[in-house]
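> Sharing run-v5.csv here; it has CSV, C-alpha atoms and all ligand atoms.
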```
chain,number,residue,atom,x,y,z
J,1,MET,CA,111.8,100.7,89.1
J,2,THR,CA,108.5,100.3,90.8
J,3,ILE,CA,105.3,100.5,88.9
J,4,ASP,CA,101.9,99.0,89.3
J,5,PRO,CA,99.9,98.8,86.1
J,6,ARG,CA,97.1,96.9,87.8
J,7,LEU,CA,95.5,98.4,90.8
J,8,THR,CA,94.4,95.4,92.8
J,9,ASP,CA,92.2,95.5,95.9
J,10,SER,CA,93.8,94.2,99.0
J,11,SER,CA,92.3,91.1,100.5
J,12,PRO,CA,90.7,92.0,103.8
J,13,ALA,CA,92.0,88.7,105.3
J,14,ALA,CA,95.6,89.4,104.6
J,15,PRO,CA,97.7,90.7,107.5
J,16,ILE,CA,98.8,94.3,107.4
J,17,THR,CA,102.5,93.9,108.0
J,18,GLU,CA,105.6,95.0,106.1
J,19,ASN,CA,104.9,92.4,103.5
J,20,GLY,CA,101.2,92.5,104.0
J,21,LEU,CA,100.5,94.3,100.7
J,22,PHE,CA,102.6,91.9,98.7
J,23,LEU,CA,100.9,89.0,100.4
J,24,ALA,CA,97.5,90.5,99.8
J,25,ASP,CA,98.3,91.0,96.1
J,26,VAL,CA,99.6,87.5,95.8
J,27,TRP,CA,96.6,86.0,97.5
J,28,ASP,CA,94.2,88.1,95.4
J,29,GLY,CA,96.1,87.4,92.2
J,30,LEU,CA,96.4,83.6,92.6
J,31,GLY,CA,92.8,83.4,93.8
J,32,ALA,CA,91.5,85.3,90.8
J,33,SER,CA,90.4,83.8,87.5
J,34,PRO,CA,92.4,84.1,85.3
J,35,LYS,CA,95.4,84.2,87.7
J,36,ALA,CA,97.5,87.3,87.5
J,37,LEU,CA,100.2,89.0,89.6
J,38,PRO,CA,101.3,92.7,89.5
J,39,ALA,CA,104.4,93.3,87.4
J,40,LYS,CA,105.8,95.7,90.0
J,41,TYR,CA,106.8,92.8,92.2
J,42,PHE,CA,109.5,91.7,89.6
J,43,TYR,CA,111.9,94.3,91.0
J,44,ASP,CA,113.4,93.0,94.2
J,45,ALA,CA,117.2,93.0,94.3
J,46,ALA,CA,117.5,89.8,92.3
J,47,GLY,CA,114.8,90.9,89.8
J,48,SER,CA,116.4,94.3,89.3
J,49,ALA,CA,119.8,92.7,88.6
J,50,LEU,CA,118.1,90.3,86.1
J,51,PHE,CA,116.4,93.3,84.4
J,52,GLU,CA,119.8,95.0,84.0
J,53,GLU,CA,121.0,91.8,82.3
J,54,ILE,CA,118.0,91.9,80.0
J,55,THR,CA,118.8,95.5,78.8
J,56,VAL,CA,122.0,94.3,77.2
J,57,LEU,CA,120.7,91.1,75.6
J,58,PRO,CA,121.1,90.9,71.8
J,59,GLU,CA,117.3,90.2,71.5
J,60,TYR,CA,116.2,93.1,73.8
J,61,TYR,CA,116.4,96.1,71.4
J,62,PRO,CA,114.5,98.7,73.5
J,63,THR,CA,117.2,100.0,75.8
J,64,ARG,CA,120.0,100.3,73.3
J,65,THR,CA,117.7,101.7,70.7
J,66,GLU,CA,116.3,104.4,73.0
J,67,LEU,CA,119.8,105.3,74.1
J,68,GLY,CA,120.8,105.7,70.4
J,69,ILE,CA,117.8,108.0,69.8
J,70,LEU,CA,118.6,110.1,72.8
J,71,ASP,CA,122.2,110.5,71.7
J,72,ALA,CA,121.2,111.4,68.1
J,73,GLN,CA,118.4,113.7,69.1
J,74,GLY,CA,119.9,115.3,72.2
J,75,PRO,CA,120.4,118.7,70.6
J,76,ALA,CA,116.8,118.7,69.1
J,77,ILE,CA,115.4,117.7,72.5
J,78,ALA,CA,117.4,120.4,74.2
J,79,ALA,CA,116.1,123.0,71.8
J,80,LEU,CA,112.5,122.2,73.0
J,81,LEU,CA,113.2,122.7,76.7
J,82,PRO,CA,113.5,126.0,78.6
J,83,GLU,CA,117.2,126.5,79.2
J,84,ASP,CA,117.0,126.7,83.0
J,85,ALA,CA,114.2,124.1,83.3
J,86,ALA,CA,113.9,121.7,86.2
J,87,LEU,CA,113.6,118.1,84.9
J,88,VAL,CA,111.2,115.7,86.7
J,89,GLU,CA,111.8,112.0,86.0
J,90,PHE,CA,108.9,109.7,86.7
J,91,GLY,CA,110.4,106.6,88.2
J,92,SER,CA,114.1,106.2,88.2
J,93,GLY,CA,116.0,103.1,87.1
J,94,SER,CA,119.5,103.4,85.9
J,95,THR,CA,120.7,107.0,85.2
J,96,ALA,CA,122.2,106.0,81.8
J,97,LYS,CA,119.3,107.6,79.8
J,98,LEU,CA,119.3,110.8,82.0
J,99,ARG,CA,123.1,111.1,81.5
J,100,ARG,CA,122.6,111.0,77.7
J,101,LEU,CA,120.2,114.0,78.0
J,102,LEU,CA,122.2,115.9,80.6
J,103,ARG,CA,125.1,116.2,78.1
J,104,HIS,CA,122.9,118.4,75.9
J,105,LEU,CA,121.3,120.4,78.8
J,106,PRO,CA,124.1,122.4,80.4
J,107,GLY,CA,121.7,125.0,81.7
J,108,LEU,CA,119.4,122.6,83.5
J,109,SER,CA,118.8,124.0,87.0
J,110,ALA,CA,117.5,120.9,88.8
J,111,TYR,CA,116.8,117.3,88.5
J,112,LEU,CA,113.9,115.7,90.5
J,113,PRO,CA,113.7,111.9,90.3
J,114,VAL,CA,110.4,110.6,91.6
J,115,ASP,CA,110.4,107.0,93.0
J,116,VAL,CA,108.9,105.0,95.9
J,117,SER,CA,112.2,103.6,96.8
J,118,GLY,CA,113.8,106.4,99.0
J,119,GLU,CA,117.0,104.5,99.6
J,120,PHE,CA,117.7,103.9,95.9
J,121,LEU,CA,116.9,107.6,95.2
J,122,ARG,CA,119.3,108.8,97.8
J,123,GLU,CA,122.1,106.6,96.5
J,124,GLN,CA,121.6,107.9,92.9
J,125,ALA,CA,121.4,111.5,94.0
J,126,GLU,CA,124.8,111.2,95.7
J,127,THR,CA,126.5,110.0,92.6
J,128,LEU,CA,124.8,112.5,90.3
J,129,ARG,CA,125.7,115.4,92.6
J,130,GLY,CA,129.3,114.2,92.4
J,131,ASP,CA,129.2,114.0,88.6
J,132,PHE,CA,127.2,117.2,87.9
J,133,PRO,CA,128.3,119.7,90.6
J,134,GLY,CA,126.2,122.5,89.2
J,135,LEU,CA,122.9,120.5,89.2
J,136,ALA,CA,120.5,120.6,92.1
J,137,VAL,CA,119.3,117.0,92.7
J,138,GLU,CA,116.1,116.8,94.6
J,139,PRO,CA,114.7,113.3,95.1
J,140,VAL,CA,111.0,113.0,95.6
J,141,VAL,CA,109.8,109.9,97.4
J,142,ALA,CA,106.4,109.3,95.9
J,143,ASP,CA,104.3,106.9,93.9
J,144,PHE,CA,104.2,108.7,90.5
J,145,THR,CA,101.0,106.9,89.5
J,146,ARG,CA,99.1,109.2,92.0
J,147,PRO,CA,99.1,113.0,92.1
J,148,PHE,CA,102.0,114.1,94.4
J,149,ALA,CA,103.5,117.5,95.4
J,150,LEU,CA,106.8,118.8,94.1
J,151,PRO,CA,109.2,120.2,96.8
J,152,PRO,CA,108.5,123.9,97.8
J,153,GLY,CA,109.7,126.4,95.2
J,154,TYR,CA,109.2,124.2,92.2
J,155,GLY,CA,105.6,125.1,91.6
J,156,ASP,CA,106.3,128.2,89.5
J,157,ARG,CA,109.5,127.0,87.8
J,158,ALA,CA,109.8,126.0,84.1
J,159,LEU,CA,109.3,122.3,84.3
J,160,ALA,CA,110.0,119.4,81.9
J,161,GLY,CA,109.2,115.7,82.4
J,162,PHE,CA,111.1,112.6,81.5
J,163,PHE,CA,109.6,109.1,81.3
J,164,PRO,CA,111.9,106.8,79.3
J,165,GLY,CA,112.1,103.1,78.9
J,166,SER,CA,108.6,102.4,77.6
J,167,THR,CA,107.5,102.1,81.2
J,168,ILE,CA,104.2,103.5,79.9
J,169,GLY,CA,103.7,100.2,78.1
J,170,ASN,CA,103.1,98.4,81.4
J,171,PHE,CA,99.8,100.3,81.8
J,172,GLU,CA,96.5,99.5,80.1
J,173,PRO,CA,95.9,102.2,77.5
J,174,ASN,CA,93.2,103.9,79.7
J,175,GLU,CA,95.5,103.8,82.7
J,176,ALA,CA,98.3,105.2,80.5
J,177,ALA,CA,96.1,108.1,79.5
J,178,ARG,CA,95.2,108.8,83.1
J,179,LEU,CA,98.9,108.7,84.1
J,180,LEU,CA,99.7,111.2,81.4
J,181,GLU,CA,97.0,113.4,82.8
J,182,VAL,CA,98.5,113.2,86.2
J,183,PHE,CA,101.9,114.2,84.8
J,184,GLY,CA,100.2,117.1,83.0
J,185,ARG,CA,98.7,118.4,86.3
J,186,ILE,CA,102.1,118.1,88.0
J,187,LEU,CA,104.1,119.8,85.3
J,188,GLY,CA,101.5,122.4,84.3
J,189,THR,CA,100.5,124.1,81.1
J,190,GLY,CA,103.2,124.6,78.5
J,191,ALA,CA,105.5,121.9,80.0
J,192,THR,CA,107.4,119.5,77.7
J,193,LEU,CA,107.4,115.8,78.4
J,194,VAL,CA,110.0,113.6,76.8
J,195,LEU,CA,109.0,110.0,76.8
J,196,GLY,CA,110.1,106.7,75.2
J,197,VAL,CA,107.5,104.2,73.8
J,198,ASP,CA,108.1,100.8,72.1
J,199,LEU,CA,106.7,100.5,68.6
J,200,VAL,CA,104.5,97.7,67.2
J,201,LYS,CA,106.6,95.4,65.0
J,202,ASP,CA,107.0,91.9,63.7
J,203,ARG,CA,105.8,89.3,66.1
J,204,ALA,CA,109.0,87.3,65.9
J,205,VAL,CA,111.1,90.3,66.9
J,206,LEU,CA,108.8,91.1,69.8
J,207,GLU,CA,108.6,87.6,71.1
J,208,ALA,CA,112.3,87.0,70.9
J,209,ALA,CA,112.9,90.2,72.9
J,210,TYR,CA,110.8,88.7,75.7
J,211,ASP,CA,112.0,85.1,75.4
J,212,ASP,CA,115.7,85.3,74.8
J,213,ALA,CA,118.0,82.4,74.0
J,214,ALA,CA,120.0,82.7,77.1
J,215,GLY,CA,116.9,82.4,79.3
J,216,VAL,CA,117.4,85.7,81.2
J,217,THR,CA,113.8,86.8,80.7
J,218,ALA,CA,112.6,83.4,81.8
J,219,ALA,CA,114.7,83.7,85.0
J,220,PHE,CA,113.3,87.3,85.5
J,221,ASN,CA,109.7,86.0,85.2
J,222,LEU,CA,110.4,82.9,87.4
J,223,ASN,CA,112.1,85.1,90.0
J,224,LEU,CA,108.6,86.2,91.0
J,225,LEU,CA,107.9,82.7,92.4
J,226,HIS,CA,111.3,82.6,94.1
J,227,ARG,CA,110.5,85.9,95.7
J,228,ILE,CA,107.1,84.6,97.0
J,229,ASN,CA,108.9,81.6,98.5
J,230,ARG,CA,111.6,83.9,100.0
J,231,GLU,CA,109.4,86.6,101.4
J,232,LEU,CA,106.0,85.1,101.9
J,233,ASP,CA,106.6,81.6,103.2
J,234,GLY,CA,105.7,80.2,99.9
J,235,ALA,CA,106.0,76.6,98.9
J,236,ILE,CA,106.0,76.8,95.1
J,237,ASP,CA,108.3,74.7,92.9
J,238,PRO,CA,109.5,77.2,90.3
J,239,ASP,CA,110.6,74.3,88.1
J,240,SER,CA,107.0,73.3,87.8
J,241,PHE,CA,106.3,76.5,85.9
J,242,ALA,CA,107.4,77.5,82.4
J,243,HIS,CA,108.0,81.1,81.1
J,244,ARG,CA,105.9,82.1,78.2
J,245,ALA,CA,105.9,85.4,76.2
J,246,VAL,CA,103.3,85.9,73.5
J,247,PHE,CA,102.4,88.9,71.3
J,248,ASN,CA,98.6,89.5,71.7
J,249,GLU,CA,98.1,91.2,68.4
J,250,ALA,CA,94.5,92.2,69.0
J,251,ALA,CA,95.5,94.0,72.2
J,252,SER,CA,98.8,95.1,70.8
J,253,ARG,CA,100.8,93.9,73.8
J,254,ILE,CA,103.4,91.4,74.8
J,255,GLU,CA,102.0,89.2,77.6
J,256,MET,CA,104.3,87.3,79.9
J,257,HIS,CA,102.9,84.3,81.7
J,258,LEU,CA,104.1,81.5,84.1
J,259,VAL,CA,102.4,78.3,82.9
J,260,SER,CA,101.9,75.4,85.2
J,261,ARG,CA,103.6,72.3,83.7
J,262,ARG,CA,101.2,70.0,85.6
J,263,ALA,CA,98.0,70.0,87.7
J,264,GLN,CA,99.1,71.0,91.2
J,265,THR,CA,98.3,72.8,94.4
J,266,VAL,CA,100.7,75.4,95.8
J,267,ARG,CA,100.7,77.0,99.2
J,268,VAL,CA,101.5,80.6,100.1
J,269,ALA,CA,101.4,81.6,103.8
J,270,GLY,CA,98.8,79.0,104.7
J,271,ARG,CA,96.5,79.4,101.7
J,272,SER,CA,96.3,76.9,98.8
J,273,PHE,CA,95.8,77.6,95.2
J,274,SER,CA,95.2,74.9,92.6
J,275,PHE,CA,96.3,74.9,89.0
J,276,ARG,CA,95.2,72.9,86.1
J,277,GLU,CA,98.0,71.6,83.8
J,278,GLY,CA,98.7,74.5,81.4
J,279,GLU,CA,96.9,77.1,83.5
J,280,SER,CA,98.9,80.3,83.6
J,281,ILE,CA,99.6,83.3,85.9
J,282,HIS,CA,99.6,86.4,83.8
J,283,THR,CA,102.6,88.4,85.1
J,284,GLU,CA,103.1,91.4,82.7
J,285,ASN,CA,101.7,93.4,79.8
J,286,SER,CA,103.9,95.4,77.6
J,287,TYR,CA,101.9,97.5,75.2
J,288,LYS,CA,103.3,98.4,71.8
J,289,TYR,CA,102.1,101.5,69.9
J,290,THR,CA,102.2,102.9,66.4
J,291,LEU,CA,103.2,106.6,66.1
J,292,ASP,CA,99.7,107.6,65.4
J,293,GLY,CA,98.2,105.4,68.0
J,294,PHE,CA,100.4,106.9,70.7
J,295,ARG,CA,99.8,110.5,69.5
J,296,ALA,CA,96.1,109.9,69.8
J,297,LEU,CA,96.5,108.5,73.4
J,298,ALA,CA,98.5,111.5,74.4
J,299,ALA,CA,96.0,113.9,72.8
J,300,ARG,CA,93.2,112.3,74.9
J,301,ALA,CA,95.3,113.2,78.0
J,302,GLY,CA,95.9,116.8,77.0
J,303,TRP,CA,99.3,116.5,75.4
J,304,ALA,CA,100.2,117.5,71.8
J,305,SER,CA,103.0,115.7,70.0
J,306,VAL,CA,105.6,118.3,69.0
J,307,GLU,CA,108.1,115.8,67.7
J,308,ALA,CA,108.5,112.0,67.4
J,309,TRP,CA,111.8,110.5,66.7
J,310,THR,CA,112.6,106.9,65.8
J,311,ASP,CA,115.7,104.9,64.9
J,312,ALA,CA,116.5,103.9,61.3
J,313,ASP,CA,114.8,100.5,61.8
J,314,GLY,CA,111.7,101.9,63.3
J,315,LEU,CA,112.0,99.8,66.5
J,316,PHE,CA,111.4,102.5,69.1
J,317,SER,CA,110.0,106.0,69.5
J,318,VAL,CA,110.8,109.0,71.6
J,319,TYR,CA,108.3,111.9,71.8
J,320,ALA,CA,108.4,115.5,72.9
J,321,LEU,CA,104.9,116.3,74.1
J,322,ARG,CA,103.6,119.7,75.0
J,323,ARG,CA,100.9,120.2,77.7
J,324,GLU,CA,98.1,122.2,76.2
J,325,ALA,CA,95.7,123.3,78.9
J,401,LIG,C1,110.7,97.9,82.0
J,401,LIG,C2,108.4,97.5,81.5
J,401,LIG,C3,109.8,98.5,79.9
J,401,LIG,O1,108.1,95.9,79.1
J,401,LIG,O2,110.0,95.8,78.1
J,401,LIG,C4,111.5,93.4,80.0
J,401,LIG,C5,110.0,95.1,81.3
J,401,LIG,N1,109.8,92.6,80.9
J,401,LIG,N2,111.5,92.1,79.7
J,401,LIG,C6,109.4,95.9,79.1
J,401,LIG,C7,110.4,93.7,80.8
J,401,LIG,C8,110.4,91.6,80.3
J,401,LIG,C9,110.1,96.2,80.4
J,401,LIG,N3,109.7,97.5,81.0
```
Show the structure stored in the file as structure tokens.
Ligand code: AVJ

Amino acid sequence: MTIDPRLTDSSPAAPITENGLFLADVWDGLGASPKALPAKYFYDAAGSALFEEITVLPEYYPTRTELGILDAQGPAIAALLPEDAALVEFGSGSTAKLRRLLRHLPGLSAYLPVDVSGEFLREQAETLRGDFPGLAVEPVVADFTRPFALPPGYGDRALAGFFPGSTIGNFEPNEAARLLEVFGRILGTGATLVLGVDLVKDRAVLEAAYDDAAGVTAAFNLNLLHRINRELDGAIDPDSFAHRAVFNEAASRIEMHLVSRRAQTVRVAGRSFSFREGESIHTENSYKYTLDGFRALAARAGWASVEAWTDADGLFSVYALRREA
């Protein structure tokens, strides 16, 4: 999964090499006040493996809850999509959620996963073609946060969109609305978009989901520092930082931070950054919505809510939105 909720400017001084953009973002982020790093850099091989571990933690309810909703509502979702639709998935992590939907969509004509990682996409396409021989699988290598073109021939097909996992929660609400507008322009008037959104709930439940007892989320967060050391000639002692997850109720978001345990100076590729004791690097926002709050956001972006499904405990929501104009 590859998403960049914060669009940072590149530092003009950073070298334009393979890792130049990562380095520029790290230099910018650690040089800023308050310090912050884009959440998209969590997902190197080690980080993606840790995220897969997170999805099965007892405290991390979103993944299993969303899968349950997709199972239970599969027939209702299928009834809202044109039978021979082509399904566009924005970003593509594991195919578990897609597979839940496909069971209920026997007539689906094509599946178009959109992701920046071409290698990952091709691997997934291979397996899906093996498992669903009747389905045309057409990977699209693109950054879905920017307008992109579908492959030739798909412009006038019946299209549906799929955006599960509450990935939309990584974006600031204004950015989320802009993203939904981009999806609308790509899918066209009348299209249906199925998306998963985490719901606002008790602080204790939210904070436990992002600070699990086994320490997997802490390792996921700290992996960012290991990655900087590995890829950018960084000299940061990850043990000198603590994982913190806090629900910012006013902003309705979980924030993840890496908090410096002491005053220190760290070096990354020849540049130094100093930290006060307790100073943090803000590494992620995960916005939580009420049903009405999300419907209002979608409406601003030109999408009407046709259905909203939740689980019995009201932990997570899945929407069917329709593009109006
Ligand atoms: C993949 C962005 C939906 O916000 O819940 C999980 C990422 N971060 N634990 C989320 C995440 C820490 C996750 N998303």
> Taking only C-alpha atoms and all ligand atoms into account, which residues are within 10 Å of ligand LIG 401 (chain J), as number ranges by chain?
J: 1-3, 5, 39-40, 42-43, 48, 50-55, 60-63, 93, 164-171, 196-198, 206, 209-212, 216-218, 220-221, 245, 253-256, 283-288
> Select, from J:Leu232, J:Gly184, J:Ala219, J:Gln73, the residue with the minimum atom-to-atom distance to J:Ala299, counting all atoms listed in the file.
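Nearest to J:Ala299: J:Gly184.
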> Can I get the residues of stretch 6-97 of chain J within 8 Å of stretch 110-133 of chain J, each with the closest pair of atoms and their distance in Å to one decimal, using all atoms listed in the file, sorted chain first then ascending number, as CSV?

```
residue,atom,partner,partner_atom,distance
J:Ala85,CA,J:Ala110,CA,7.2
J:Ala86,CA,J:Ala110,CA,4.5
J:Leu87,CA,J:Tyr111,CA,4.9
J:Val88,CA,J:Leu112,CA,4.7
J:Glu89,CA,J:Pro113,CA,4.7
J:Phe90,CA,J:Val114,CA,5.2
J:Gly91,CA,J:Asp115,CA,4.8
J:Ser92,CA,J:Pro113,CA,6.1
J:Thr95,CA,J:Gln124,CA,7.8
```
> When you draw a straight line from atom CA of J:Ala79 to atom CA of J:Arg322, how long is it in Å?
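Pair atom CA of J:Ala79 / atom CA of J:Arg322 returns 13.3 Å.
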> Once you count only C-alpha atoms, what closest atom pair and distance in Å to one decimal does each residue of stretch 171-237 of chain J within 12 Å of stretch 274-282 of chain J have, with rows by chain and rising residue number, as JSON lines?

```
{"residue": "J:Asn221", "atom": "CA", "partner": "J:His282", "partner_atom": "CA", "distance": 10.2}
{"residue": "J:Leu222", "atom": "CA", "partner": "J:Ile281", "partner_atom": "CA", "distance": 10.9}
{"residue": "J:Leu224", "atom": "CA", "partner": "J:Ile281", "partner_atom": "CA", "distance": 10.7}
{"residue": "J:Leu225", "atom": "CA", "partner": "J:Ile281", "partner_atom": "CA", "distance": 10.6}
{"residue": "J:Ile236", "atom": "CA", "partner": "J:Ser274", "partner_atom": "CA", "distance": 11.2}
```
> Of the candidates J:Gly302, J:Gly107, J:Pro38, J:Pro151, which one gets nearest to J:Arg185 if we count only C-alpha atoms?
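Ranking J:Gly302, J:Gly107, J:Pro38, J:Pro151 by distance to J:Arg185, first place goes to J:Gly302.
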> For J:Gly134, which of J:Gly155, J:Asp239, J:Ala96, J:Asp84 is the closest residue, counting only C-alpha atoms?
J:Asp84
> Hey, which of J:Trp303, J:Tyr289, J:Phe144, J:Tyr319 ends up closest to J:Ala177? Count only C-alpha atoms.
J:Trp303
> In the coordinates of the file, take the point (109.7, 97.7, 65.3) and a cut-off of 10 Å; then, counting only C-alpha atoms, name each qualifying protein, DNA or RNA residue as a list of chain:residue names.
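Returned residue set, sorted by chain then number, is J:Tyr61, J:Pro62, J:Asp198, J:Leu199, J:Val200, J:Lys201, J:Asp202, J:Arg203, J:Val205, J:Leu206, J:Lys288, J:Tyr289, J:Thr290, J:Thr310, J:Asp311, J:Asp313, J:Gly314, J:Leu315, J:Phe316, J:Ser317.
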> Tell me, as a list in words, which residues lie within 8 Å of J:Arg261, counting only C-alpha atoms; anything in the same chain fewer than 2 positions away does not count.
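What passes the distance filter is Ser240, Phe241, Ala242, Val259, Ala263, Glu277 and Gly278 of chain J.
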> With C-alpha atoms retained, could you export that selection as a PDB file, in the frame of the given file?

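The resulting file, again-v8.pdb, is shown below:
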```pdb
ATOM      1  CA  SER J 240     107.000  73.300  87.800  1.00  0.00           C
ATOM      2  CA  PHE J 241     106.300  76.500  85.900  1.00  0.00           C
ATOM      3  CA  ALA J 242     107.400  77.500  82.400  1.00  0.00           C
ATOM      4  CA  VAL J 259     102.400  78.300  82.900  1.00  0.00           C
ATOM      5  CA  ALA J 263      98.000  70.000  87.700  1.00  0.00           C
ATOM      6  CA  GLU J 277      98.000  71.600  83.800  1.00  0.00           C
ATOM      7  CA  GLY J 278      98.700  74.500  81.400  1.00  0.00           C
TER       8      GLY J 278
END
```
> Using only C-alpha atoms, which residue out of J:Tyr41, J:Glu207, J:Leu291, J:Trp27 lies closest to J:Gly234?
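Comparing J:Tyr41, J:Glu207, J:Leu291, J:Trp27 against J:Gly234, the winner is J:Trp27.
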> Between atom CA of J:Pro58 and atom CA of J:Gly215, measure the distance and give it in Å to one decimal.
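Answer for the atom CA of J:Pro58 to atom CA of J:Gly215 separation: 12.1 Å.
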> Work out how far apart atom CA of J:Ala298 and atom CA of J:Leu193 are and give it in Å to one decimal.
10.7 Å
> Find, counting all atoms listed in the file, the residue in J:Ala308, J:Ala46, J:Leu57, J:Phe162 that gets nearest to J:Leu195.
J:Phe162
> Tell me which protein, DNA and RNA residues are within 9 Å of J:Ala320, counting only C-alpha atoms, leaving out same-chain ones fewer than 5 positions away, and put them as an NGL selection string.
:J and (77 or 80 or 192-195 or 304-309)
> Would you list the contacts of J:Asp71 as an mmCIF file with C-alpha atoms, in the coordinates of the input, taking every protein, DNA or RNA residue within 8 Å and counting all atoms listed in the file, but skipping same-chain residues closer than 4 positions in sequence?

```
data_model
loop_
_atom_site.group_PDB
_atom_site.id
_atom_site.type_symbol
_atom_site.label_atom_id
_atom_site.label_comp_id
_atom_site.auth_asym_id
_atom_site.auth_seq_id
_atom_site.Cartn_x
_atom_site.Cartn_y
_atom_site.Cartn_z
ATOM 1 C CA LEU J 67 119.800 105.300 74.100
ATOM 2 C CA ARG J 100 122.600 111.000 77.700
ATOM 3 C CA LEU J 101 120.200 114.000 78.000
#
```
